[in-house]
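Next comes work_12.csv, with CSV, C-alpha atoms.
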```csv
chain,number,residue,atom,x,y,z
A,809,MET,CA,18.2,37.3,-33.0
A,810,ASN,CA,14.8,37.9,-31.7
A,811,LYS,CA,13.7,40.1,-34.5
A,812,ARG,CA,10.1,40.2,-35.6
A,813,ASN,CA,8.9,41.4,-39.0
A,814,VAL,CA,5.5,42.3,-40.2
A,815,GLY,CA,4.7,38.8,-41.4
A,816,PHE,CA,5.1,37.5,-37.9
A,817,TYR,CA,2.5,39.9,-36.5
A,818,ILE,CA,0.1,39.1,-39.4
A,819,VAL,CA,0.3,35.4,-38.7
A,820,ASP,CA,-0.2,36.2,-35.0
A,821,GLY,CA,-3.3,38.1,-35.9
A,822,ILE,CA,-4.7,35.2,-37.9
A,823,TYR,CA,-4.2,32.9,-35.0
A,824,LEU,CA,-5.8,35.3,-32.5
A,825,ALA,CA,-8.7,35.7,-34.9
A,826,MET,CA,-9.0,31.9,-35.1
A,827,ALA,CA,-9.4,31.9,-31.3
A,828,ILE,CA,-11.9,34.8,-31.0
A,829,LEU,CA,-14.0,34.9,-34.2
A,830,PRO,CA,-15.6,31.4,-33.8
A,831,ILE,CA,-17.1,32.5,-30.5
A,832,LEU,CA,-18.4,35.7,-32.0
A,833,PHE,CA,-19.8,33.6,-34.9
A,834,GLY,CA,-21.6,31.4,-32.4
A,835,ILE,CA,-23.1,34.3,-30.6
A,836,ALA,CA,-24.3,35.7,-33.9
A,837,VAL,CA,-25.9,32.4,-34.8
A,838,LYS,CA,-27.5,32.2,-31.4
A,839,VAL,CA,-29.0,35.7,-31.8
A,840,LEU,CA,-30.2,35.0,-35.3
A,841,PHE,CA,-31.8,31.6,-34.7
A,842,THR,CA,-33.5,32.4,-31.3
A,843,PRO,CA,-37.0,33.6,-31.8
A,844,LEU,CA,-37.9,36.8,-30.1
A,845,SER,CA,-41.0,35.4,-28.4
A,846,GLU,CA,-38.9,32.9,-26.4
A,847,GLY,CA,-38.5,33.8,-22.8
A,848,ILE,CA,-36.6,31.9,-20.2
A,849,ALA,CA,-36.9,28.2,-20.9
A,850,ILE,CA,-35.1,25.0,-20.2
A,851,SER,CA,-34.5,23.6,-23.7
A,852,GLY,CA,-32.2,21.1,-25.3
A,853,ALA,CA,-29.9,21.9,-28.2
A,854,ARG,CA,-31.6,23.7,-31.1
A,855,ILE,CA,-31.8,21.8,-34.3
A,856,PHE,CA,-30.6,23.9,-37.2
A,857,PHE,CA,-31.4,21.6,-40.1
A,858,SER,CA,-31.5,17.9,-41.0
A,859,LEU,CA,-30.1,16.3,-44.1
A,860,ASP,CA,-31.6,13.2,-45.7
A,861,MET,CA,-29.4,10.2,-45.4
A,862,PRO,CA,-30.0,6.6,-46.4
A,863,ILE,CA,-30.3,5.1,-42.9
A,864,GLN,CA,-31.6,8.0,-40.9
A,865,PRO,CA,-31.6,11.8,-41.3
A,866,LEU,CA,-28.4,13.6,-40.3
A,867,ILE,CA,-29.4,16.2,-37.7
A,868,VAL,CA,-27.1,19.2,-37.3
A,869,THR,CA,-27.7,20.7,-33.8
A,870,GLU,CA,-26.4,23.6,-31.7
A,871,SER,CA,-24.1,21.2,-29.8
A,872,GLN,CA,-22.3,20.1,-32.9
A,873,LEU,CA,-21.8,23.7,-34.0
A,874,ASN,CA,-20.6,24.7,-30.5
A,875,SER,CA,-18.2,21.7,-30.3
A,876,LEU,CA,-16.7,22.8,-33.6
A,877,ILE,CA,-16.4,26.4,-32.3
A,878,VAL,CA,-14.5,25.1,-29.2
A,879,MET,CA,-12.2,23.0,-31.3
A,880,ILE,CA,-11.3,25.8,-33.6
A,881,THR,CA,-10.8,28.2,-30.7
A,882,LEU,CA,-8.6,25.7,-28.9
A,883,LEU,CA,-6.6,25.1,-32.1
A,884,GLY,CA,-6.1,28.9,-32.5
A,885,ILE,CA,-5.0,29.3,-28.9
A,886,CYS,CA,-2.5,26.4,-29.3
A,887,LEU,CA,-1.1,27.8,-32.6
A,888,TYR,CA,-0.8,31.3,-31.0
A,889,LEU,CA,1.1,29.9,-28.0
A,890,THR,CA,3.5,27.9,-30.0
A,891,HIS,CA,4.1,30.5,-32.7
A,892,GLY,CA,7.7,31.7,-32.9
A,893,LEU,CA,9.3,29.2,-30.5
A,894,SER,CA,13.0,29.6,-30.0
A,895,VAL,CA,15.6,27.9,-27.9
A,896,ARG,CA,17.6,31.0,-27.1
A,897,TYR,CA,15.1,33.7,-26.5
A,898,PRO,CA,11.9,32.2,-25.1
A,899,THR,CA,9.0,34.6,-25.0
A,900,ARG,CA,6.3,34.8,-22.4
A,901,ARG,CA,3.8,32.8,-24.4
A,902,GLN,CA,6.5,30.1,-25.0
A,903,HIS,CA,6.9,29.9,-21.2
A,904,LEU,CA,3.2,29.4,-20.8
A,905,ALA,CA,3.1,26.7,-23.5
A,906,GLU,CA,6.0,24.9,-21.9
A,907,TRP,CA,4.4,25.1,-18.5
A,908,LEU,CA,1.2,23.6,-19.9
A,909,VAL,CA,3.1,20.8,-21.6
A,910,GLU,CA,5.1,20.1,-18.5
A,911,LYS,CA,2.0,20.1,-16.3
A,912,SER,CA,0.1,17.7,-18.5
A,913,GLU,CA,3.1,15.4,-18.7
A,914,LYS,CA,3.7,15.5,-14.9
A,915,MET,CA,0.0,14.8,-14.3
A,916,THR,CA,-0.2,11.9,-16.7
A,917,PHE,CA,3.0,10.2,-15.6
A,918,SER,CA,2.2,10.5,-11.9
A,919,ASN,CA,-1.2,9.0,-12.4
A,920,MET,CA,-0.6,6.4,-15.1
A,921,GLY,CA,2.9,5.2,-14.4
A,922,GLU,CA,5.2,3.9,-17.1
A,923,GLY,CA,4.2,2.6,-20.5
A,924,PHE,CA,1.9,5.5,-21.3
A,925,SER,CA,4.3,8.0,-22.7
A,926,GLY,CA,2.0,8.9,-25.6
A,927,PHE,CA,-0.9,10.0,-23.4
A,928,PRO,CA,-0.2,13.6,-22.3
A,929,PRO,CA,-1.5,15.1,-25.6
A,930,LEU,CA,-4.7,13.1,-25.3
A,931,ILE,CA,-5.3,14.0,-21.7
A,932,ALA,CA,-4.5,17.6,-22.3
A,933,ALA,CA,-6.9,17.6,-25.3
A,934,ILE,CA,-9.7,16.1,-23.2
A,935,LEU,CA,-9.1,18.6,-20.4
A,936,GLY,CA,-9.0,21.6,-22.7
A,937,LEU,CA,-12.0,20.6,-24.8
A,938,SER,CA,-14.1,19.7,-21.8
A,939,ALA,CA,-13.2,22.9,-19.8
A,940,LEU,CA,-13.7,25.2,-22.7
A,941,SER,CA,-17.0,23.5,-23.7
A,942,SER,CA,-18.4,24.1,-20.2
A,943,LEU,CA,-17.0,27.6,-20.0
A,944,LEU,CA,-18.8,28.4,-23.3
A,945,SER,CA,-21.9,29.1,-21.2
A,946,LEU,CA,-20.2,32.2,-19.9
A,947,PHE,CA,-20.7,33.7,-23.4
A,948,GLY,CA,-24.4,32.8,-23.3
A,949,LEU,CA,-23.9,29.9,-25.7
A,950,TYR,CA,-25.2,26.4,-25.3
A,951,PRO,CA,-22.5,24.4,-23.6
A,952,PRO,CA,-22.0,21.2,-25.7
A,953,THR,CA,-21.2,19.2,-22.6
A,954,SER,CA,-24.8,19.5,-21.4
A,955,ASP,CA,-25.8,17.4,-24.4
A,956,ILE,CA,-25.4,13.7,-23.6
A,957,ASN,CA,-24.4,12.8,-27.2
A,958,VAL,CA,-21.2,14.9,-27.1
A,959,VAL,CA,-20.1,13.5,-23.7
A,960,SER,CA,-21.0,9.9,-24.7
A,961,GLY,CA,-18.7,10.3,-27.7
A,962,TRP,CA,-15.8,11.1,-25.4
A,963,ALA,CA,-16.7,8.3,-23.0
A,964,ILE,CA,-16.9,5.8,-25.9
A,965,THR,CA,-13.4,6.9,-27.0
A,966,VAL,CA,-12.1,6.3,-23.6
A,967,PHE,CA,-13.8,3.0,-23.4
A,968,ALA,CA,-12.2,1.9,-26.7
A,969,LEU,CA,-8.8,2.8,-25.2
A,970,ILE,CA,-9.5,0.9,-22.0
A,971,THR,CA,-10.5,-2.2,-24.0
A,972,TYR,CA,-7.4,-1.8,-26.2
A,973,TYR,CA,-5.1,-1.8,-23.2
A,974,LYS,CA,-7.0,-4.8,-21.7
A,975,PHE,CA,-6.3,-6.6,-25.0
A,976,LYS,CA,-2.6,-6.2,-24.6
A,977,CYS,CA,-2.1,-9.8,-23.4
A,978,GLY,CA,-4.3,-11.4,-26.0
A,979,PRO,CA,-8.1,-12.1,-26.2
A,980,VAL,CA,-7.8,-15.2,-24.0
A,981,TYR,CA,-6.4,-13.2,-21.1
A,982,TYR,CA,-9.0,-10.5,-21.7
A,983,LEU,CA,-11.9,-13.0,-21.4
A,984,LYS,CA,-10.3,-14.6,-18.4
A,985,SER,CA,-10.3,-11.3,-16.6
A,986,PHE,CA,-14.1,-11.4,-16.5
A,987,GLY,CA,-14.0,-14.5,-14.4
A,988,ASP,CA,-12.0,-12.8,-11.7
A,989,PRO,CA,-12.0,-13.6,-8.8
A,990,VAL,CA,-14.8,-16.3,-9.2
A,991,PRO,CA,-16.3,-17.3,-12.6
A,992,LEU,CA,-19.7,-16.9,-11.0
A,993,LEU,CA,-19.3,-13.2,-11.0
A,994,ALA,CA,-18.8,-12.9,-14.7
A,995,PRO,CA,-22.2,-11.2,-15.4
A,996,LEU,CA,-21.5,-8.6,-12.7
A,997,ASN,CA,-18.1,-7.9,-14.2
A,998,ILE,CA,-19.6,-7.4,-17.7
A,999,ILE,CA,-22.2,-5.0,-16.2
A,1000,SER,CA,-19.5,-3.0,-14.4
A,1001,GLU,CA,-17.5,-2.9,-17.7
A,1002,ILE,CA,-20.4,-1.4,-19.5
A,1003,ALA,CA,-21.2,0.9,-16.6
A,1004,THR,CA,-17.8,2.6,-16.9
A,1005,PRO,CA,-18.5,4.7,-20.0
A,1006,VAL,CA,-22.1,5.2,-19.0
A,1007,SER,CA,-21.2,6.6,-15.6
A,1008,MET,CA,-18.5,8.8,-17.1
A,1009,ALA,CA,-20.9,10.3,-19.6
A,1010,PHE,CA,-23.7,10.7,-17.1
A,1011,ARG,CA,-21.4,12.3,-14.5
A,1012,HIS,CA,-20.2,15.0,-16.8
A,1013,TYR,CA,-23.5,15.6,-18.6
A,1014,GLY,CA,-25.5,15.5,-15.4
A,1015,ASN,CA,-23.3,18.0,-13.5
A,1016,VAL,CA,-23.3,20.6,-16.3
A,1017,LEU,CA,-27.0,20.2,-17.1
A,1018,SER,CA,-28.1,20.3,-13.5
A,1019,GLY,CA,-26.2,23.6,-13.1
A,1020,ALA,CA,-28.0,25.0,-16.2
A,1021,VAL,CA,-31.4,23.9,-14.9
A,1022,ILE,CA,-30.8,25.4,-11.4
A,1023,SER,CA,-29.6,28.7,-12.9
A,1024,VAL,CA,-32.8,28.9,-15.1
A,1025,LEU,CA,-35.0,28.0,-12.1
A,1026,VAL,CA,-33.4,30.7,-10.0
A,1027,ALA,CA,-33.8,33.3,-12.7
A,1028,THR,CA,-37.5,32.5,-13.2
A,1029,GLY,CA,-38.0,32.4,-9.5
A,1030,LEU,CA,-36.4,35.8,-9.0
A,1031,ASP,CA,-38.6,37.1,-11.9
A,1032,GLY,CA,-41.7,35.8,-10.0
A,1033,LEU,CA,-40.5,37.2,-6.7
A,1034,TRP,CA,-40.1,40.7,-8.2
A,1035,GLY,CA,-43.7,40.4,-9.6
A,1036,ILE,CA,-45.0,39.6,-6.1
A,1037,ILE,CA,-43.1,42.3,-4.2
A,1038,MET,CA,-43.0,45.1,-6.7
A,1039,GLY,CA,-46.1,44.4,-8.7
A,1040,TRP,CA,-47.8,47.6,-7.5
A,1041,LEU,CA,-45.3,49.8,-9.3
A,1042,PRO,CA,-46.3,51.4,-12.7
A,1043,SER,CA,-45.9,49.1,-15.7
A,1044,PRO,CA,-42.3,49.4,-17.0
A,1045,LEU,CA,-40.8,49.2,-13.5
A,1046,SER,CA,-42.9,46.3,-12.4
A,1047,GLU,CA,-41.6,44.1,-15.3
A,1048,MET,CA,-37.9,45.0,-15.2
A,1049,ALA,CA,-36.9,42.7,-12.3
A,1050,PHE,CA,-33.8,44.4,-11.1
A,1051,ILE,CA,-33.5,41.6,-8.6
A,1052,ARG,CA,-32.3,39.4,-11.4
A,1053,ILE,CA,-29.0,41.4,-11.6
A,1054,GLY,CA,-26.2,39.9,-9.6
A,1055,ILE,CA,-27.8,37.0,-7.7
A,1056,PRO,CA,-27.6,34.5,-10.7
A,1057,ALA,CA,-24.0,35.6,-11.2
A,1058,VAL,CA,-23.1,34.1,-7.8
A,1059,LEU,CA,-24.5,30.8,-8.9
A,1060,SER,CA,-22.7,31.1,-12.2
A,1061,VAL,CA,-19.3,31.3,-10.4
A,1062,TYR,CA,-20.0,27.9,-8.9
A,1063,PHE,CA,-21.9,26.1,-11.7
A,1064,ASP,CA,-20.1,27.5,-14.8
A,1065,LEU,CA,-16.6,28.3,-13.6
A,1066,PHE,CA,-15.9,25.9,-10.7
A,1067,SER,CA,-18.1,23.0,-11.7
A,1068,GLY,CA,-17.1,23.2,-15.4
A,1069,CYS,CA,-13.4,23.1,-14.7
A,1070,LEU,CA,-13.8,20.5,-12.0
A,1071,GLN,CA,-15.8,18.1,-14.2
A,1072,ALA,CA,-13.1,18.5,-16.9
A,1073,TYR,CA,-10.5,17.6,-14.4
A,1074,ILE,CA,-12.5,14.6,-13.1
A,1075,PHE,CA,-13.2,13.3,-16.6
A,1076,ALA,CA,-9.5,13.4,-17.5
A,1077,MET,CA,-8.5,11.9,-14.2
A,1078,LEU,CA,-11.0,9.1,-14.5
A,1079,ALA,CA,-9.9,8.4,-18.0
A,1080,MET,CA,-6.3,8.1,-16.9
A,1081,LEU,CA,-7.2,5.9,-13.9
A,1082,TYR,CA,-9.5,3.5,-15.9
A,1083,ILE,CA,-7.0,3.1,-18.7
A,1084,SER,CA,-4.0,2.5,-16.5
A,1085,SER,CA,-5.9,0.2,-14.2
A,1086,GLY,CA,-7.2,-1.8,-17.1
A,1087,TYR,CA,-3.7,-2.5,-18.4
A,1088,PRO,CA,-2.3,-5.8,-17.0
A,1089,ARG,CA,1.2,-4.5,-16.5
A,1090,ASP,CA,2.8,-7.4,-14.7
A,1091,GLU,CA,1.5,-10.0,-17.1
A,1092,HIS,CA,2.4,-8.0,-20.1
A,1093,MET,CA,5.9,-7.3,-18.8
A,1094,LYS,CA,6.4,-11.0,-18.0
A,1095,ARG,CA,5.4,-12.0,-21.6
A,1096,LYS,CA,7.6,-9.4,-23.1
A,1097,ASN,CA,10.6,-10.6,-21.1
A,1098,LYS,CA,9.8,-14.2,-22.0
A,1099,LYS,CA,9.7,-13.3,-25.7
A,1100,GLN,CA,13.0,-11.5,-25.4
A,1101,ILE,CA,14.6,-14.5,-23.7
A,1102,ASN,CA,13.2,-16.8,-26.3
A,1103,LYS,CA,14.6,-14.7,-29.1
A,1104,LYS,CA,18.0,-14.6,-27.5
A,1105,THR,CA,18.2,-18.4,-27.0
A,1106,ALA,CA,16.9,-19.0,-30.5
B,701,MET,CA,-61.7,11.2,-20.2
B,702,LEU,CA,-58.7,12.1,-22.4
B,703,GLU,CA,-57.9,15.1,-20.2
B,704,LEU,CA,-58.0,12.9,-17.1
B,705,ALA,CA,-55.6,10.4,-18.8
B,706,ILE,CA,-53.2,13.1,-19.8
B,707,GLY,CA,-53.4,14.7,-16.3
B,708,ILE,CA,-52.6,11.3,-14.7
B,709,ILE,CA,-49.6,11.0,-17.1
B,710,LEU,CA,-48.2,14.4,-16.3
B,711,GLY,CA,-48.8,14.1,-12.6
B,712,CYS,CA,-47.3,10.7,-12.3
B,713,CYS,CA,-44.2,11.8,-14.3
B,714,ALA,CA,-43.7,14.7,-11.9
B,715,LEU,CA,-44.2,12.5,-8.8
B,716,GLY,CA,-41.8,9.9,-10.2
B,717,ALA,CA,-39.2,12.6,-10.8
B,718,GLY,CA,-39.6,13.9,-7.3
B,719,LEU,CA,-39.3,10.4,-5.8
B,720,ALA,CA,-36.3,9.6,-8.0
B,721,MET,CA,-34.4,12.6,-6.5
B,722,ILE,CA,-34.7,11.1,-3.0
B,723,ALA,CA,-31.5,9.4,-4.1
B,724,GLY,CA,-29.8,12.7,-3.5
B,725,ILE,CA,-29.6,11.8,0.2
B,726,GLY,CA,-27.0,9.1,-0.4
B,727,PRO,CA,-24.4,11.2,-2.2
B,728,GLY,CA,-24.9,14.0,0.3
B,729,ILE,CA,-24.1,11.8,3.2
B,730,GLY,CA,-21.2,10.1,1.4
B,731,GLU,CA,-19.6,13.3,0.2
B,732,GLY,CA,-20.0,14.8,3.7
B,733,ASN,CA,-18.2,11.9,5.2
B,734,ALA,CA,-15.4,12.1,2.6
B,735,VAL,CA,-14.9,15.9,3.1
B,736,ALA,CA,-15.0,15.5,6.9
B,737,LYS,CA,-12.3,12.8,6.7
B,738,ALA,CA,-10.3,14.9,4.3
B,739,CYS,CA,-10.4,17.9,6.7
B,740,GLU,CA,-9.2,15.6,9.5
B,741,ALA,CA,-6.4,14.4,7.4
B,742,ILE,CA,-5.3,17.9,6.4
B,743,GLY,CA,-5.5,19.0,10.1
B,744,ARG,CA,-3.3,16.1,11.1
B,745,GLN,CA,-0.8,16.5,8.2
B,746,PRO,CA,-1.1,19.9,6.6
B,747,GLU,CA,1.8,19.3,4.2
B,748,CYS,CA,-0.1,16.7,2.1
B,749,LYS,CA,-3.0,19.1,1.5
B,750,GLY,CA,-2.7,18.9,-2.3
B,751,ASP,CA,-2.8,15.1,-2.5
B,752,VAL,CA,-5.7,14.8,0.0
B,753,THR,CA,-7.7,17.4,-1.9
B,754,THR,CA,-7.3,15.8,-5.3
B,755,THR,CA,-8.1,12.4,-3.9
B,756,MET,CA,-11.1,13.7,-2.1
B,757,LEU,CA,-12.5,15.4,-5.2
B,758,MET,CA,-12.1,12.1,-7.1
B,759,GLY,CA,-13.9,10.2,-4.4
B,760,CYS,CA,-16.6,12.8,-4.3
B,761,ALA,CA,-17.0,12.4,-8.1
B,762,ILE,CA,-17.4,8.7,-7.7
B,763,ALA,CA,-19.8,9.0,-4.8
B,764,GLU,CA,-21.9,11.4,-6.8
B,765,THR,CA,-22.6,8.8,-9.5
B,766,THR,CA,-25.7,7.3,-8.0
B,767,GLY,CA,-27.2,10.7,-7.4
B,768,LEU,CA,-26.5,11.6,-11.0
B,769,TYR,CA,-28.2,8.4,-12.2
B,770,ALA,CA,-31.3,9.6,-10.3
B,771,LEU,CA,-30.9,13.1,-11.7
B,772,VAL,CA,-30.8,11.7,-15.3
B,773,ILE,CA,-34.0,9.6,-14.6
B,774,ALA,CA,-35.7,12.7,-13.1
B,775,ILE,CA,-34.7,14.8,-16.1
B,776,LEU,CA,-36.0,12.1,-18.5
B,777,LEU,CA,-39.2,11.9,-16.5
B,778,ILE,CA,-39.8,15.6,-16.7
B,779,PHE,CA,-38.7,16.5,-20.2
B,780,VAL,CA,-38.9,13.3,-22.3
B,781,ALA,CA,-41.4,10.9,-20.8
B,782,PRO,CA,-44.6,13.0,-20.9
B,783,GLY,CA,-44.4,13.6,-24.6
B,784,LEU,CA,-43.6,10.0,-25.4
B,785,LEU,CA,-46.4,8.7,-23.1
B,786,VAL,CA,-49.0,11.1,-24.5
B,787,ASP,CA,-48.0,10.0,-28.0
B,788,VAL,CA,-48.5,6.4,-27.0
B,789,LEU,CA,-51.9,7.3,-25.5
B,790,MET,CA,-53.0,9.1,-28.7
B,791,LYS,CA,-51.9,6.1,-30.8
B,792,THR,CA,-53.9,3.6,-28.8
B,793,ILE,CA,-57.0,5.8,-28.8
B,794,GLY,CA,-56.5,6.4,-32.5
```

Taking this structure as input, can you express it in the form of structure tokens?
Amino acid sequence: MNKRNVGFYIVDGIYLAMAILPILFGIAVKVLFTPLSEGIAISGARIFFSLDMPIQPLIVTESQLNSLIVMITLLGICLYLTHGLSVRYPTRRQHLAEWLVEKSEKMTFSNMGEGFSGFPPLIAAILGLSALSSLLSLFGLYPPTSDINVVSGWAITVFALITYYKFKCGPVYYLKSFGDPVPLLAPLNIISEIATPVSMAFRHYGNVLSGAVISVLVATGLDGLWGIIMGWLPSPLSEMAFIRIGIPAVLSVYFDLFSGCLQAYIFAMLAMLYISSGYPRDEHMKRKNKKQINKKTA
Amino acid sequence: MLELAIGIILGCCALGAGLAMIAGIGPGIGEGNAVAKACEAIGRQPECKGDVTTTMLMGCAIAETTGLYALVIAILLIFVAPGLLVDVLMKTIG
């Protein structure tokens, strides 16, 4: 039966707290660590502290903290959605969870084809992590995706996967693929191979960062405009800049909501396309069949 | 003399950033073309709107790459390069 006791609700509460509390913690840290004198400024991630390590100091920055916040929040949401699954009496949250899983599976299989049955969780994780990281700026926190180091980490992960799938037919075939179609073009192929993760990282980071820069420029510009137009008013009114209410929000809809989600989608999509196009499917299938035939005859 | 040198560094960094962003023209034209063709395709065949839109967004993302390279260069020139170059200048002067 679909009976729920107190324990169920307590666990539910813990999961919900896991989803909400990290963001509140991040806001508290942001409030505590931002000096009062700092006005509107375009700045990188704040450095909290650095630990001395043998090779070079380990620097703990705002983007690392915010990535951890996003990860814990995402984990809390996933645990909440999948709590109390049942075959007979599916709840609303179970429907949502199933819908999400089905969507990610459908998207992955339609874009990557066969042989990538293990990929939907990875793609869904990239999508959720990236989207939530960009949406973190809605809470006034520093979005980790506007730090190139975070996005480079994801791009390097994807690059490792691409190379792994290119290695499926052995190292000789992998090296041969650089001399395609003419061996003369090998340097160019190597450059384009390296350019894949670089362009993926730059695309995501550049889009998010440019949105942040434009928002800050518009906010300061409106501040200055208010000073020019309403500078003749008595002192508290002339510094309040009511013009700053509302107009930056319109930009935020595009740069934070739309662009953040779109970049997450594009990053996941490109990861899928690069991985599936790097995989030499026909050659691999041919070798597999040959091996099976050899086994049968032997 | 030192002020002049620092002024030249700052001014040239700003000029370089502005010149780098001329590259924004290319992605603008390219994405405009892509969206125009997508609109034509949707007008001709409204039932494949979803596929055309996703493909168009992907194409736009790829076309944007050169512009974003320029953007990264411009950001480096504005936020990173002046500090580095002034440091180098101070070291050479001693």

Can you list, as number ranges by chain, every protein, DNA or RNA residue that comes within 12 Å of segment 746-763 of chain B when you count only C-alpha atoms, leaving out same-chain residues fewer than 6 positions away? A: 915, 918-919, 1004, 1007-1008, 1010-1012, 1014-1015, 1067, 1070-1079, 1081; B: 723-740, 769

Limited to C-alpha atoms, could you put the picked residues into a file as an mmCIF file, in the frame of the given file?
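Done, and the output landed in again-v7.cif:
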```cif
data_model
loop_
_atom_site.group_PDB
_atom_site.id
_atom_site.type_symbol
_atom_site.label_atom_id
_atom_site.label_comp_id
_atom_site.auth_asym_id
_atom_site.auth_seq_id
_atom_site.Cartn_x
_atom_site.Cartn_y
_atom_site.Cartn_z
ATOM 1 C CA MET A 915 0.000 14.800 -14.300
ATOM 2 C CA SER A 918 2.200 10.500 -11.900
ATOM 3 C CA ASN A 919 -1.200 9.000 -12.400
ATOM 4 C CA THR A 1004 -17.800 2.600 -16.900
ATOM 5 C CA SER A 1007 -21.200 6.600 -15.600
ATOM 6 C CA MET A 1008 -18.500 8.800 -17.100
ATOM 7 C CA PHE A 1010 -23.700 10.700 -17.100
ATOM 8 C CA ARG A 1011 -21.400 12.300 -14.500
ATOM 9 C CA HIS A 1012 -20.200 15.000 -16.800
ATOM 10 C CA GLY A 1014 -25.500 15.500 -15.400
ATOM 11 C CA ASN A 1015 -23.300 18.000 -13.500
ATOM 12 C CA SER A 1067 -18.100 23.000 -11.700
ATOM 13 C CA LEU A 1070 -13.800 20.500 -12.000
ATOM 14 C CA GLN A 1071 -15.800 18.100 -14.200
ATOM 15 C CA ALA A 1072 -13.100 18.500 -16.900
ATOM 16 C CA TYR A 1073 -10.500 17.600 -14.400
ATOM 17 C CA ILE A 1074 -12.500 14.600 -13.100
ATOM 18 C CA PHE A 1075 -13.200 13.300 -16.600
ATOM 19 C CA ALA A 1076 -9.500 13.400 -17.500
ATOM 20 C CA MET A 1077 -8.500 11.900 -14.200
ATOM 21 C CA LEU A 1078 -11.000 9.100 -14.500
ATOM 22 C CA ALA A 1079 -9.900 8.400 -18.000
ATOM 23 C CA LEU A 1081 -7.200 5.900 -13.900
ATOM 24 C CA ALA B 723 -31.500 9.400 -4.100
ATOM 25 C CA GLY B 724 -29.800 12.700 -3.500
ATOM 26 C CA ILE B 725 -29.600 11.800 0.200
ATOM 27 C CA GLY B 726 -27.000 9.100 -0.400
ATOM 28 C CA PRO B 727 -24.400 11.200 -2.200
ATOM 29 C CA GLY B 728 -24.900 14.000 0.300
ATOM 30 C CA ILE B 729 -24.100 11.800 3.200
ATOM 31 C CA GLY B 730 -21.200 10.100 1.400
ATOM 32 C CA GLU B 731 -19.600 13.300 0.200
ATOM 33 C CA GLY B 732 -20.000 14.800 3.700
ATOM 34 C CA ASN B 733 -18.200 11.900 5.200
ATOM 35 C CA ALA B 734 -15.400 12.100 2.600
ATOM 36 C CA VAL B 735 -14.900 15.900 3.100
ATOM 37 C CA ALA B 736 -15.000 15.500 6.900
ATOM 38 C CA LYS B 737 -12.300 12.800 6.700
ATOM 39 C CA ALA B 738 -10.300 14.900 4.300
ATOM 40 C CA CYS B 739 -10.400 17.900 6.700
ATOM 41 C CA GLU B 740 -9.200 15.600 9.500
ATOM 42 C CA TYR B 769 -28.200 8.400 -12.200
#
```

One-decimal distance in Å that lies between atom CA of Val786 of chain B and atom CA of Met701 of chain B: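 Answer for the atom CA of Met701 of chain B to atom CA of Val786 of chain B separation: 13.4 Å.
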
Using all atoms listed in the file, which of A:Gly961, A:Pro929, A:Gly852, A:Pro898 sits nearest chain B?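 Smallest separation from chain B among the options: A:Gly852.
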
d(atom CA of Lys1094 of chain A, atom CA of Pro979 of chain A) in Å: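 These atoms are spaced 16.7 Å apart.
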
Output as a Markdown table one row per residue of chain B within 7 Å of chain A: the closest atom pair and its distance in Å to one decimal place, counting only C-alpha atoms, sorted by chain and residue number ascending.
```
| residue | atom | partner | partner_atom | distance |
| --- | --- | --- | --- | --- |
| B:Met758 | CA | A:Ile1074 | CA | 6.5 |
| B:Thr765 | CA | A:Arg1011 | CA | 6.2 |
| B:Leu768 | CA | A:Gly1014 | CA | 6.0 |
| B:Leu771 | CA | A:Gly1014 | CA | 7.0 |
| B:Val772 | CA | A:Gly1014 | CA | 6.5 |
```

Which is closer to Tyr981 of chain A than all the others in A:Thr1105, A:Thr965, A:Ala905, A:Tyr1087, using all atoms listed in the file?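 Looking at the shortest contact to Tyr981 of chain A, the residue is A:Tyr1087.
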
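In this model, the gap between atom CA of Val958 of chain A and atom CA of Ser938 of chain A comes to 10.1 Å.
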
Using all atoms listed in the file, which protein or nucleic acid residues come within 12 Å of Ile706 of chain B? Drop anything in the same chain fewer than 4 positions from it, and give the result as a VMD selection string. chain B and resid 701 to 702 710 to 713 782 to 790

For Arg1052 of chain A, which of A:Asp820, A:Asp1064, A:Asp1031, A:Asp955 is the closest residue, counting all atoms listed in the file?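 Of the candidates, the smallest distance to Arg1052 of chain A is held by A:Asp1031.
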
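Of the listed residues B:Ile775, B:Ala741, B:Ile793, B:Ala705, the one whose atoms come nearest to Met721 of chain B is B:Ile775, with distances taken using only C-alpha atoms.
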
Residue among B:Leu704, B:Gly743, B:Gly767, B:Leu776 lying closest to Ala717 of chain B, counting only C-alpha atoms: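 Smallest separation from Ala717 of chain B among the options: B:Leu776.
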
Shortest interatomic distance to Leu876 of chain A - which of A:Gly926, A:Val909, A:Val839, A:Ser941, counting only C-alpha atoms: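 That would be A:Ser941, the residue with the smallest distance to Leu876 of chain A.
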
Got a sec: who's within 6 Å of segment 821-834 of chain A, counting only C-alpha atoms, leaving out chain neighbours fewer than 6 positions off, as a PDB file with C-alpha atoms, keeping the file's coordinate frame?
```pdb
ATOM      1  CA  ILE A 877     -16.400  26.400 -32.300  1.00  0.00           C
ATOM      2  CA  THR A 881     -10.800  28.200 -30.700  1.00  0.00           C
ATOM      3  CA  GLY A 884      -6.100  28.900 -32.500  1.00  0.00           C
ATOM      4  CA  ILE A 885      -5.000  29.300 -28.900  1.00  0.00           C
ATOM      5  CA  TYR A 888      -0.800  31.300 -31.000  1.00  0.00           C
TER       6      TYR A 888
END
```
